[in-house]
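Asks: Provided herewith is a single structure, encoded as structure tokens, for subsequent inquiry.
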Amino acid sequence: MAYTLEAVELTKKYNSTTALDRLTLSIQPGEIFCLLGQNGAGKTTTIHLFLGFTQPSSGKALIKEMEVLPGASDTKKFIAYIPEVVQLYGNLNGIENLDFFSRLAGFKYTDEELKGLLKIAGLQEEAHNKRLSTYSKGMRQKVGIAIALAKNADVIFMDEPTSGLDPKATAEFTTICRDLAAAGKSILMATHDIFNAVNVGTRIGIMKQGVLVHTLSTNEITANELQKLYMETIYE
Amino acid sequence: MKNIFTYEWKLFIRNRAMLWSWILMLGIGLYAIYYGWSFNDTQLQLITKIDTAYQARIQTQLQRFSADTTTKEGKADYRNAHDAYMNEWYTRPMVWKHPQGLQALSLGQSDNQPFYYNLWIFNNVYNTRQTELRNPDKLLAGNFDLSFVIIFLLPLLIIAYSYNVVSADREDGLAGLLNVQGISQRAIASVRLLFRCCVVLILAFTLSIVGVVINGVATTTAAGWLGVSVLYILFWFSLVYWLTALGKSGAVTALKLVSLWVVLLIMIPSLLNSLQKVNEGAKMEIAEANREYGSKIWGMDKRLLADTFLLVKPEWKKHFMLKNDTNELRSVAYAYFTMHNMNRVGREIDSVAFYQQSHVERFNYINPVFAIQLLYNKLAATELNNFIVFREAASAYQEQRYELIAQRELSGEKLTPASFQAYPKFLQPPTGLASSDWLGSIIPVMCFMLIALVLGNYHSKKNQSHEK
């Protein structure tokens, strides 16, 4: 089966510091791969290399078998990104923000379609026409999800997307991720939330100091077992 | 591009600071137009008064040609009207530099150069200078006209609007999300800059159109004004493009742009101004000449004065033979020598100023803002050279009248109403820009723009590749 995401000996060094050390990883369509690790373990660096935000020191990052080249837009059409804090234009409302980002990606939706996407993302209808400056973090996160949905990308990168969300919003977010995976999308998510990782993910990777130390299927492990393994990994 | 433009518009009208600063600048510009219009209006009112009084004096003189000679007063009027010399004294011919409509938008030197002269033959145009010329490039003491608003204030608005076109998304945490949409940050920033350029251009166009309509500026001159304004605004946006492309934070870029504003608008013109040898003693020199020639000629022995006069005017010998009135001769010779000597000194002083002006223009390549101000003033005919040319024409006209009056006076020929009315009229020297004027200012500014765009493009590409 073709992989949508592949990292081949992917390495990133900043002067003498190795942020990511020879990462080799493959993710299939419909998979949700959750990266766990402390701050500085290399999770965000991995995502940034796939997004083409930074140049690898060695190795390759592939999306649908195409190498990610910084500056090149070839792989951009396959990807969407939800950062830890979704920052949008405060003077535009939810629909306008979604429309603007969709148009930049080359999609043009009607108002009804945009509202539909925001609804799928879980944003209550009365908020659609309010300016983003009045939104909570969770509401902005939902617009970020809608932007990812609007792009209809095959691969979605999420950098600690549930950080700061309340349990209800986290649960809603989990449902959306599952629906996306069910629709054949691949998700690579960096998170600190062990329980949510087990809950939403299909596979989990534990990183330490730039190295992917463990890769496991969520079918093989419970949340408590994962927590124990995580603690052992980071303290060993 | 259209999408970004649409949303830039929405963001612009919803950003109170941006919108109000635009409205404020519009208000400032309208005030500047009023300021210039008011200045022009004052000059025009004064010209009307001068002309009305002058025409009244002419009519009075014409009536005196047929005065009732049965009365003592009538006899004097009749005699004075037919005497060319006395007629000139009563008439006191006036000439003026009629302000062009565009002068209201670019006052230039019009507030410190005389715009009218009394050409009575014992007056001298070079001795009526009201103020010394101290600041040839005028950038430190400009009037609050529209050219001041465009040259000094619009760049500040441009800086305020554009310093963060590249850095804002990064600083607001939007860069990542924008990046994955498949459009480069460089492309977004370029379109954003273009939008803001349009916003400023609309402001400049609005003000300029109001200004040219109110002041009745000719279409071609108005087109020239608009062209210069567009060039200047594009010049500033090219500098913004370059400095924002360096990829520094908004605060650092703003600081650099404001520093550049200070350098281009204050430091360079001020430095070039200080290097200029301004003709500080011009007024004193004229006064000295007046005193020297006046007392020397008036104190000369009448016979010696007549001989000296005939040396320069041998063709008038026949008149002396007929008249042989040495008192008349003294008066005519005095007027001749003071007029010509003073005019010579005055023209020499003006030619120095003319040269200094040309000298400053040679620095246009490092003084682009002055180059633009120069174009505005030349279009409005308010540049120093325009006043020098006017003064020269006024003095030449005075000399022309003198020749006619002096010959008639010396020959004893009576002045008739027909010959009085046939005196030559003063023709205001034509104004306009030669192609060398345009090129001398436009090419330096365009060179600056080109360099800024090339550097901006280079840094933009470099930062783009570094980012990735």
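Note on naming: chains are A, B, ... as they come in the structure tokens, residues start from 1 per chain, ligands start from 1 in the order shown.
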Taking a cut-off of 10 Å and counting only C-alpha atoms, can you build a table that, for each residue of chain B near chain A, reports the nearest atom pair and how far apart they are in Å (one decimal), sorted by chain then residue number, as a tab-separated table?

Replies:
```
residue	atom	partner	partner_atom	distance
B:Met1	CA	A:Leu104	CA	9.0
B:Lys2	CA	A:Arg103	CA	9.8
B:Asn3	CA	A:Arg103	CA	6.7
B:Ile4	CA	A:Phe100	CA	7.6
B:Thr6	CA	A:Phe100	CA	9.2
B:Tyr7	CA	A:Phe100	CA	7.1
B:Lys10	CA	A:Leu92	CA	7.7
B:Leu11	CA	A:Asn91	CA	6.2
B:Phe12	CA	A:Asn91	CA	9.2
B:Ile13	CA	A:Asn91	CA	9.6
B:Arg14	CA	A:Asn91	CA	6.3
B:Asn15	CA	A:Asn91	CA	7.3
B:Asp169	CA	A:Leu88	CA	9.2
B:Asp172	CA	A:Gln87	CA	6.8
B:Gly173	CA	A:Gln87	CA	5.6
B:Leu174	CA	A:Gln87	CA	5.6
B:Ala175	CA	A:Gln87	CA	9.2
B:Gly176	CA	A:Pro83	CA	7.9
B:Leu177	CA	A:Tyr81	CA	6.4
B:Leu178	CA	A:Phe101	CA	7.2
B:Asn179	CA	A:Phe53	CA	8.2
B:Val180	CA	A:Lys76	CA	5.7
B:Gln181	CA	A:Ala105	CA	4.6
B:Gly182	CA	A:Lys76	CA	5.3
B:Ile183	CA	A:Leu104	CA	6.6
B:Ser184	CA	A:Gly71	CA	7.8
B:Ile188	CA	A:Leu104	CA	9.3
B:Lys461	CA	A:Gly71	CA	9.9
B:Gln464	CA	A:Gly71	CA	7.1
B:Ser465	CA	A:Gly71	CA	6.5
B:His466	CA	A:Thr54	CA	8.2
B:Glu467	CA	A:Thr54	CA	6.5
B:Lys468	CA	A:Thr54	CA	4.3
```

Asks: Any idea what's packed within 12 Å of Leu329 in chain B, counting only C-alpha atoms, ignoring anything in its chain fewer than 3 positions away? Could you give it as a PyMOL selection string?

Replies: chain B and resi 85+297-298+300-310+316-317+319-321+323-326+332-337+406-407+409-412

Asks: For the residues selected in the previous step, produce a file with N, CA and C atoms as a compact mmCIF listing (two decimals), in the first residue's frame.

Replies:
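And here's part_11.txt as it stands now:
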```txt
# COMPACT_ATOMS: atom_id res chain seq x y z
N TYR B 85 8.21 112.43 -19.74
CA TYR B 85 8.82 112.17 -18.45
C TYR B 85 7.79 112.29 -17.32
N ILE B 297 26.80 109.94 -10.02
CA ILE B 297 26.25 110.50 -11.26
C ILE B 297 25.59 111.85 -11.00
N TRP B 298 24.86 111.94 -9.90
CA TRP B 298 24.16 113.18 -9.61
C TRP B 298 25.17 114.31 -9.31
N MET B 300 28.13 114.67 -10.66
CA MET B 300 29.06 114.94 -11.78
C MET B 300 28.82 116.33 -12.38
N ASP B 301 29.89 116.89 -12.91
CA ASP B 301 29.77 118.14 -13.65
C ASP B 301 28.85 117.89 -14.85
N LYS B 302 27.94 118.82 -15.11
CA LYS B 302 26.91 118.59 -16.13
C LYS B 302 27.51 118.33 -17.51
N ARG B 303 28.59 119.08 -17.81
CA ARG B 303 29.21 118.90 -19.12
C ARG B 303 29.86 117.52 -19.24
N LEU B 304 30.53 117.14 -18.11
CA LEU B 304 31.20 115.84 -18.08
C LEU B 304 30.16 114.71 -18.18
N LEU B 305 29.05 114.93 -17.47
CA LEU B 305 27.96 113.93 -17.51
C LEU B 305 27.42 113.79 -18.94
N ALA B 306 27.26 114.95 -19.62
CA ALA B 306 26.75 114.93 -21.00
C ALA B 306 27.71 114.18 -21.91
N ASP B 307 29.00 114.45 -21.73
CA ASP B 307 30.00 113.76 -22.56
C ASP B 307 30.00 112.26 -22.28
N THR B 308 29.92 111.94 -21.00
CA THR B 308 29.91 110.50 -20.62
C THR B 308 28.68 109.82 -21.22
N PHE B 309 27.58 110.52 -21.14
CA PHE B 309 26.33 109.96 -21.64
C PHE B 309 26.40 109.75 -23.16
N LEU B 310 26.98 110.75 -23.83
CA LEU B 310 27.06 110.63 -25.29
C LEU B 310 28.04 109.55 -25.74
N TRP B 316 22.09 109.81 -29.81
CA TRP B 316 21.16 110.79 -29.26
C TRP B 316 21.73 112.23 -29.30
N LYS B 317 22.89 112.36 -29.92
CA LYS B 317 23.55 113.68 -29.93
C LYS B 317 22.64 114.75 -30.55
N HIS B 319 19.56 115.08 -30.36
CA HIS B 319 18.56 115.60 -29.42
C HIS B 319 19.13 116.72 -28.56
N PHE B 320 20.40 116.55 -28.15
CA PHE B 320 21.02 117.59 -27.32
C PHE B 320 21.17 118.88 -28.12
N MET B 321 21.45 118.66 -29.37
CA MET B 321 21.65 119.83 -30.21
C MET B 321 20.35 120.64 -30.25
N LYS B 323 17.74 120.43 -28.00
CA LYS B 323 17.21 120.82 -26.70
C LYS B 323 18.21 121.63 -25.86
N ASN B 324 19.41 121.00 -25.70
CA ASN B 324 20.48 121.64 -24.95
C ASN B 324 20.02 122.10 -23.56
N ASP B 325 19.22 121.29 -22.95
CA ASP B 325 18.77 121.60 -21.59
C ASP B 325 19.52 120.68 -20.64
N THR B 326 20.46 121.18 -19.94
CA THR B 326 21.33 120.33 -19.14
C THR B 326 20.62 119.76 -17.92
N VAL B 332 17.86 112.59 -17.26
CA VAL B 332 17.83 111.43 -18.17
C VAL B 332 19.10 110.58 -18.01
N ALA B 333 20.25 111.24 -17.88
CA ALA B 333 21.50 110.50 -17.75
C ALA B 333 21.56 109.77 -16.42
N TYR B 334 21.06 110.45 -15.39
CA TYR B 334 21.03 109.81 -14.07
C TYR B 334 20.20 108.53 -14.13
N ALA B 335 19.02 108.65 -14.71
CA ALA B 335 18.14 107.48 -14.82
C ALA B 335 18.82 106.38 -15.62
N TYR B 336 19.47 106.79 -16.70
CA TYR B 336 20.12 105.79 -17.56
C TYR B 336 21.21 105.04 -16.81
N PHE B 337 22.13 105.82 -16.21
CA PHE B 337 23.29 105.17 -15.59
C PHE B 337 22.90 104.36 -14.35
N ALA B 406 13.00 108.70 -22.85
CA ALA B 406 14.18 109.55 -22.83
C ALA B 406 14.36 110.25 -24.19
N GLN B 407 14.18 109.49 -25.26
CA GLN B 407 14.35 110.08 -26.60
C GLN B 407 13.36 111.22 -26.82
N GLU B 409 11.85 112.95 -24.51
CA GLU B 409 12.16 114.03 -23.58
C GLU B 409 13.28 114.90 -24.12
N LEU B 410 14.32 114.21 -24.62
CA LEU B 410 15.48 114.96 -25.10
C LEU B 410 15.20 115.68 -26.41
N SER B 411 14.34 115.08 -27.21
CA SER B 411 14.04 115.71 -28.50
C SER B 411 13.02 116.83 -28.34
N GLY B 412 12.33 116.83 -27.20
CA GLY B 412 11.32 117.84 -26.96
C GLY B 412 10.02 117.54 -27.67
```

Asks: Please, which residues of range 213-260 of chain B, numbered as in this document, come out alpha helix (DSSP H) from DSSP, as JSON, numbers by chain?

Replies: {"B": [213, 214, 219, 220, 221, 222, 223, 224, 225, 226, 227, 228, 229, 230, 231, 232, 233, 234, 235, 236, 237, 238, 239, 240, 241, 242, 243, 244, 245, 250, 251, 252, 253, 254, 255, 256, 257, 258, 259, 260]}

Asks: Using C-alpha atoms, can you write the selected residues to a file as an mmCIF file, in the first residue's frame?

Replies:
```cif
data_model
loop_
_atom_site.group_PDB
_atom_site.id
_atom_site.type_symbol
_atom_site.label_atom_id
_atom_site.label_comp_id
_atom_site.auth_asym_id
_atom_site.auth_seq_id
_atom_site.Cartn_x
_atom_site.Cartn_y
_atom_site.Cartn_z
ATOM 1 C CA VAL B 213 -10.147 71.873 -10.098
ATOM 2 C CA ILE B 214 -10.378 74.573 -7.417
ATOM 3 C CA THR B 219 -5.152 69.774 -18.084
ATOM 4 C CA THR B 220 -1.602 69.165 -19.291
ATOM 5 C CA THR B 221 -0.097 70.818 -16.216
ATOM 6 C CA ALA B 222 -2.466 68.843 -14.004
ATOM 7 C CA ALA B 223 -1.419 65.643 -15.760
ATOM 8 C CA GLY B 224 2.212 66.548 -15.104
ATOM 9 C CA TRP B 225 1.446 67.143 -11.436
ATOM 10 C CA LEU B 226 -0.334 63.794 -11.141
ATOM 11 C CA GLY B 227 2.532 62.026 -12.913
ATOM 12 C CA VAL B 228 5.082 63.507 -10.521
ATOM 13 C CA SER B 229 2.907 62.559 -7.534
ATOM 14 C CA VAL B 230 2.573 58.968 -8.735
ATOM 15 C CA LEU B 231 6.324 58.768 -9.301
ATOM 16 C CA TYR B 232 7.058 60.034 -5.795
ATOM 17 C CA ILE B 233 4.616 57.639 -4.140
ATOM 18 C CA LEU B 234 6.020 54.707 -6.131
ATOM 19 C CA PHE B 235 9.501 55.829 -5.127
ATOM 20 C CA TRP B 236 8.580 55.526 -1.451
ATOM 21 C CA PHE B 237 6.858 52.203 -1.942
ATOM 22 C CA SER B 238 9.950 50.858 -3.685
ATOM 23 C CA LEU B 239 11.972 51.824 -0.598
ATOM 24 C CA VAL B 240 9.384 50.112 1.609
ATOM 25 C CA TYR B 241 9.527 47.031 -0.623
ATOM 26 C CA TRP B 242 13.278 46.870 -0.194
ATOM 27 C CA LEU B 243 13.371 47.380 3.573
ATOM 28 C CA THR B 244 10.465 45.052 4.329
ATOM 29 C CA ALA B 245 12.116 42.386 2.176
ATOM 30 C CA GLY B 250 8.064 45.353 12.065
ATOM 31 C CA ALA B 251 9.589 47.574 14.747
ATOM 32 C CA VAL B 252 13.058 47.377 13.203
ATOM 33 C CA THR B 253 11.692 48.018 9.699
ATOM 34 C CA ALA B 254 9.660 50.998 10.907
ATOM 35 C CA LEU B 255 12.745 52.432 12.577
ATOM 36 C CA LYS B 256 14.770 52.011 9.390
ATOM 37 C CA LEU B 257 12.080 53.616 7.259
ATOM 38 C CA VAL B 258 11.695 56.594 9.575
ATOM 39 C CA SER B 259 15.488 56.989 9.595
ATOM 40 C CA LEU B 260 15.444 56.945 5.813
#
```

Asks: Write out as a PDB file with C-alpha atoms, in the first residue's frame the residues lying within 6 Å of range 177-184 of chain A, counting only C-alpha atoms and excluding same-chain residues fewer than 2 positions away.

Replies:
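Full text of part.pdb as output:
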```pdb
ATOM      1  CA  PRO A  29      -4.096   6.826   4.335  1.00  0.00           C
ATOM      2  CA  GLY A  30      -6.646   6.744   7.158  1.00  0.00           C
ATOM      3  CA  THR A 174     -11.416  13.824  18.532  1.00  0.00           C
ATOM      4  CA  THR A 175     -14.621  12.992  16.690  1.00  0.00           C
TER       5      THR A 175
END
```

Asks: So that each row is one residue of range 139-181 of chain A with an atom at most 12 Å from range 4-16 of chain A, can you give its shortest atom pair and the distance in Å to one decimal, using only C-alpha atoms, rows by chain and rising number, as a Markdown table?

Replies:
```
| residue | atom | partner | partner_atom | distance |
| --- | --- | --- | --- | --- |
| A:Ala153 | CA | A:Thr4 | CA | 11.2 |
| A:Asp154 | CA | A:Thr4 | CA | 7.8 |
| A:Val155 | CA | A:Thr4 | CA | 7.2 |
| A:Ile156 | CA | A:Leu5 | CA | 10.3 |
| A:Phe157 | CA | A:Leu5 | CA | 10.7 |
```

Asks: Can those selected residues be exported to a file as a PDB file, in the first residue's frame so that it contains N, CA and C atoms?

Replies:
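Resulting contents of selection.pdb:
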```
ATOM      1  N   ALA A 153      -7.490  18.363   2.007  1.00  0.00           N
ATOM      2  CA  ALA A 153      -6.129  17.842   1.896  1.00  0.00           C
ATOM      3  C   ALA A 153      -6.075  16.368   2.280  1.00  0.00           C
ATOM      4  N   ASP A 154      -5.127  15.645   1.703  1.00  0.00           N
ATOM      5  CA  ASP A 154      -4.968  14.222   2.018  1.00  0.00           C
ATOM      6  C   ASP A 154      -4.226  14.023   3.336  1.00  0.00           C
ATOM      7  N   VAL A 155      -3.392  15.007   3.656  1.00  0.00           N
ATOM      8  CA  VAL A 155      -2.595  14.882   4.875  1.00  0.00           C
ATOM      9  C   VAL A 155      -2.831  16.118   5.738  1.00  0.00           C
ATOM     10  N   ILE A 156      -3.083  15.882   7.018  1.00  0.00           N
ATOM     11  CA  ILE A 156      -3.288  17.019   7.930  1.00  0.00           C
ATOM     12  C   ILE A 156      -2.264  16.922   9.062  1.00  0.00           C
ATOM     13  N   PHE A 157      -1.551  18.010   9.232  1.00  0.00           N
ATOM     14  CA  PHE A 157      -0.570  18.084  10.324  1.00  0.00           C
ATOM     15  C   PHE A 157      -1.186  18.908  11.445  1.00  0.00           C
TER      16      PHE A 157
END
```

Asks: Calculate how many Å separate CA of Ala168 in chain B from CA of Lys130 in chain A, rounding to one decimal.

Replies: 22.2 Å

Asks: Report as a PyMOL selection string all protein, DNA and RNA residues lying within 9 Å of range 116-124 of chain A, evaluated on only C-alpha atoms, omitting residues in the same chain fewer than 5 positions from it.

Replies: chain A and resi 94-95+98+111+139-147+149-150+169+172-173+176

Asks: Could you turn the residues from that selection into a file that holds C-alpha atoms, as a PDB file, in the first residue's frame?

Replies:
```pdb
ATOM      1  CA  GLY A  94     -15.373  33.214  10.770  1.00  0.00           C
ATOM      2  CA  ILE A  95     -16.848  32.869   7.299  1.00  0.00           C
ATOM      3  CA  LEU A  98     -12.427  30.593   6.004  1.00  0.00           C
ATOM      4  CA  ASP A 111     -21.509  31.196   1.770  1.00  0.00           C
ATOM      5  CA  MET A 139     -13.543  28.593  18.483  1.00  0.00           C
ATOM      6  CA  ARG A 140     -10.482  29.698  16.537  1.00  0.00           C
ATOM      7  CA  GLN A 141      -9.271  26.101  16.567  1.00  0.00           C
ATOM      8  CA  LYS A 142     -12.548  25.113  14.947  1.00  0.00           C
ATOM      9  CA  VAL A 143     -12.114  27.668  12.189  1.00  0.00           C
ATOM     10  CA  GLY A 144      -8.611  26.228  11.724  1.00  0.00           C
ATOM     11  CA  ILE A 145     -10.168  22.785  11.302  1.00  0.00           C
ATOM     12  CA  ALA A 146     -12.667  24.206   8.826  1.00  0.00           C
ATOM     13  CA  ILE A 147      -9.785  25.706   6.837  1.00  0.00           C
ATOM     14  CA  LEU A 149     -11.453  20.670   5.701  1.00  0.00           C
ATOM     15  CA  ALA A 150     -12.003  23.284   3.006  1.00  0.00           C
ATOM     16  CA  ALA A 169     -14.036  20.770  22.766  1.00  0.00           C
ATOM     17  CA  GLU A 172     -15.513  17.177  19.557  1.00  0.00           C
ATOM     18  CA  PHE A 173     -12.073  17.550  18.063  1.00  0.00           C
ATOM     19  CA  ILE A 176     -13.629  15.205  13.778  1.00  0.00           C
TER      20      ILE A 176
END
```

Asks: So that I can check the surroundings of range 381-393 of chain B, please list as a short mmCIF file (atom, residue, chain, number, x, y, z; two decimals) with N, CA and C atoms, in the first residue's frame every protein, DNA and RNA residue that reaches within 8 Å of it, counting only C-alpha atoms and ignoring chain neighbours fewer than 6 positions away.

Replies:
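Once written, selection-v4.cif looks like this:
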```cif
data_model
loop_
_atom_site.label_atom_id
_atom_site.label_comp_id
_atom_site.auth_asym_id
_atom_site.auth_seq_id
_atom_site.Cartn_x
_atom_site.Cartn_y
_atom_site.Cartn_z
N LYS B 97 3.83 89.22 -11.99
CA LYS B 97 3.91 87.80 -12.40
C LYS B 97 2.59 87.18 -11.98
N GLN B 100 0.16 81.19 -11.50
CA GLN B 100 -0.55 80.10 -12.17
C GLN B 100 -1.39 79.37 -11.13
N GLN B 103 0.36 77.20 -8.69
CA GLN B 103 1.16 77.83 -7.63
C GLN B 103 0.53 77.56 -6.26
N SER B 106 1.91 74.32 -5.04
CA SER B 106 3.35 74.27 -4.80
C SER B 106 3.88 75.71 -4.82
N LEU B 107 3.89 76.31 -3.63
CA LEU B 107 4.21 77.75 -3.53
C LEU B 107 5.66 78.06 -3.84
N GLY B 108 6.52 77.09 -3.60
CA GLY B 108 7.94 77.27 -3.95
C GLY B 108 8.50 78.57 -3.39
N GLN B 109 9.06 79.39 -4.28
CA GLN B 109 9.70 80.64 -3.85
C GLN B 109 8.75 81.83 -3.88
N SER B 110 7.48 81.54 -4.15
CA SER B 110 6.57 82.67 -4.37
C SER B 110 6.31 83.49 -3.11
N GLN B 113 9.78 85.94 -2.94
CA GLN B 113 10.25 86.67 -4.12
C GLN B 113 9.16 87.66 -4.53
N PRO B 114 9.54 88.91 -4.89
CA PRO B 114 8.51 89.87 -5.33
C PRO B 114 7.81 89.39 -6.60
N PHE B 115 6.51 89.61 -6.64
CA PHE B 115 5.78 89.17 -7.83
C PHE B 115 5.23 90.35 -8.63
N VAL B 125 14.20 97.33 -10.29
CA VAL B 125 13.59 96.05 -9.89
C VAL B 125 14.51 95.25 -8.96
N TYR B 126 15.81 95.47 -9.13
CA TYR B 126 16.75 94.69 -8.30
C TYR B 126 16.91 95.29 -6.91
N PRO B 136 17.83 77.78 -0.85
CA PRO B 136 17.46 77.50 -2.24
C PRO B 136 16.67 76.22 -2.43
N ARG B 347 21.60 91.67 -12.20
CA ARG B 347 21.62 90.48 -13.07
C ARG B 347 22.79 89.58 -12.74
N ASP B 350 21.71 87.71 -9.72
CA ASP B 350 20.74 86.69 -10.12
C ASP B 350 21.40 85.54 -10.87
N PHE B 354 21.21 81.76 -10.08
CA PHE B 354 20.82 80.84 -11.16
C PHE B 354 21.80 79.67 -11.24
N GLN B 357 21.45 77.40 -8.26
CA GLN B 357 20.28 76.53 -8.45
C GLN B 357 20.65 75.34 -9.35
N LEU B 374 11.47 70.06 -6.97
CA LEU B 374 11.89 70.91 -8.08
C LEU B 374 10.89 70.80 -9.25
N GLN B 428 4.45 88.73 -19.97
CA GLN B 428 5.01 87.83 -18.96
C GLN B 428 5.77 86.71 -19.65
N PRO B 429 7.02 86.45 -19.23
CA PRO B 429 7.80 85.42 -19.93
C PRO B 429 7.11 84.06 -19.84
N THR B 431 6.34 80.16 -19.32
CA THR B 431 6.89 79.15 -18.40
C THR B 431 6.64 77.78 -19.00
N GLY B 432 7.25 76.81 -18.43
CA GLY B 432 7.08 75.45 -18.92
C GLY B 432 8.33 74.67 -18.68
#
```
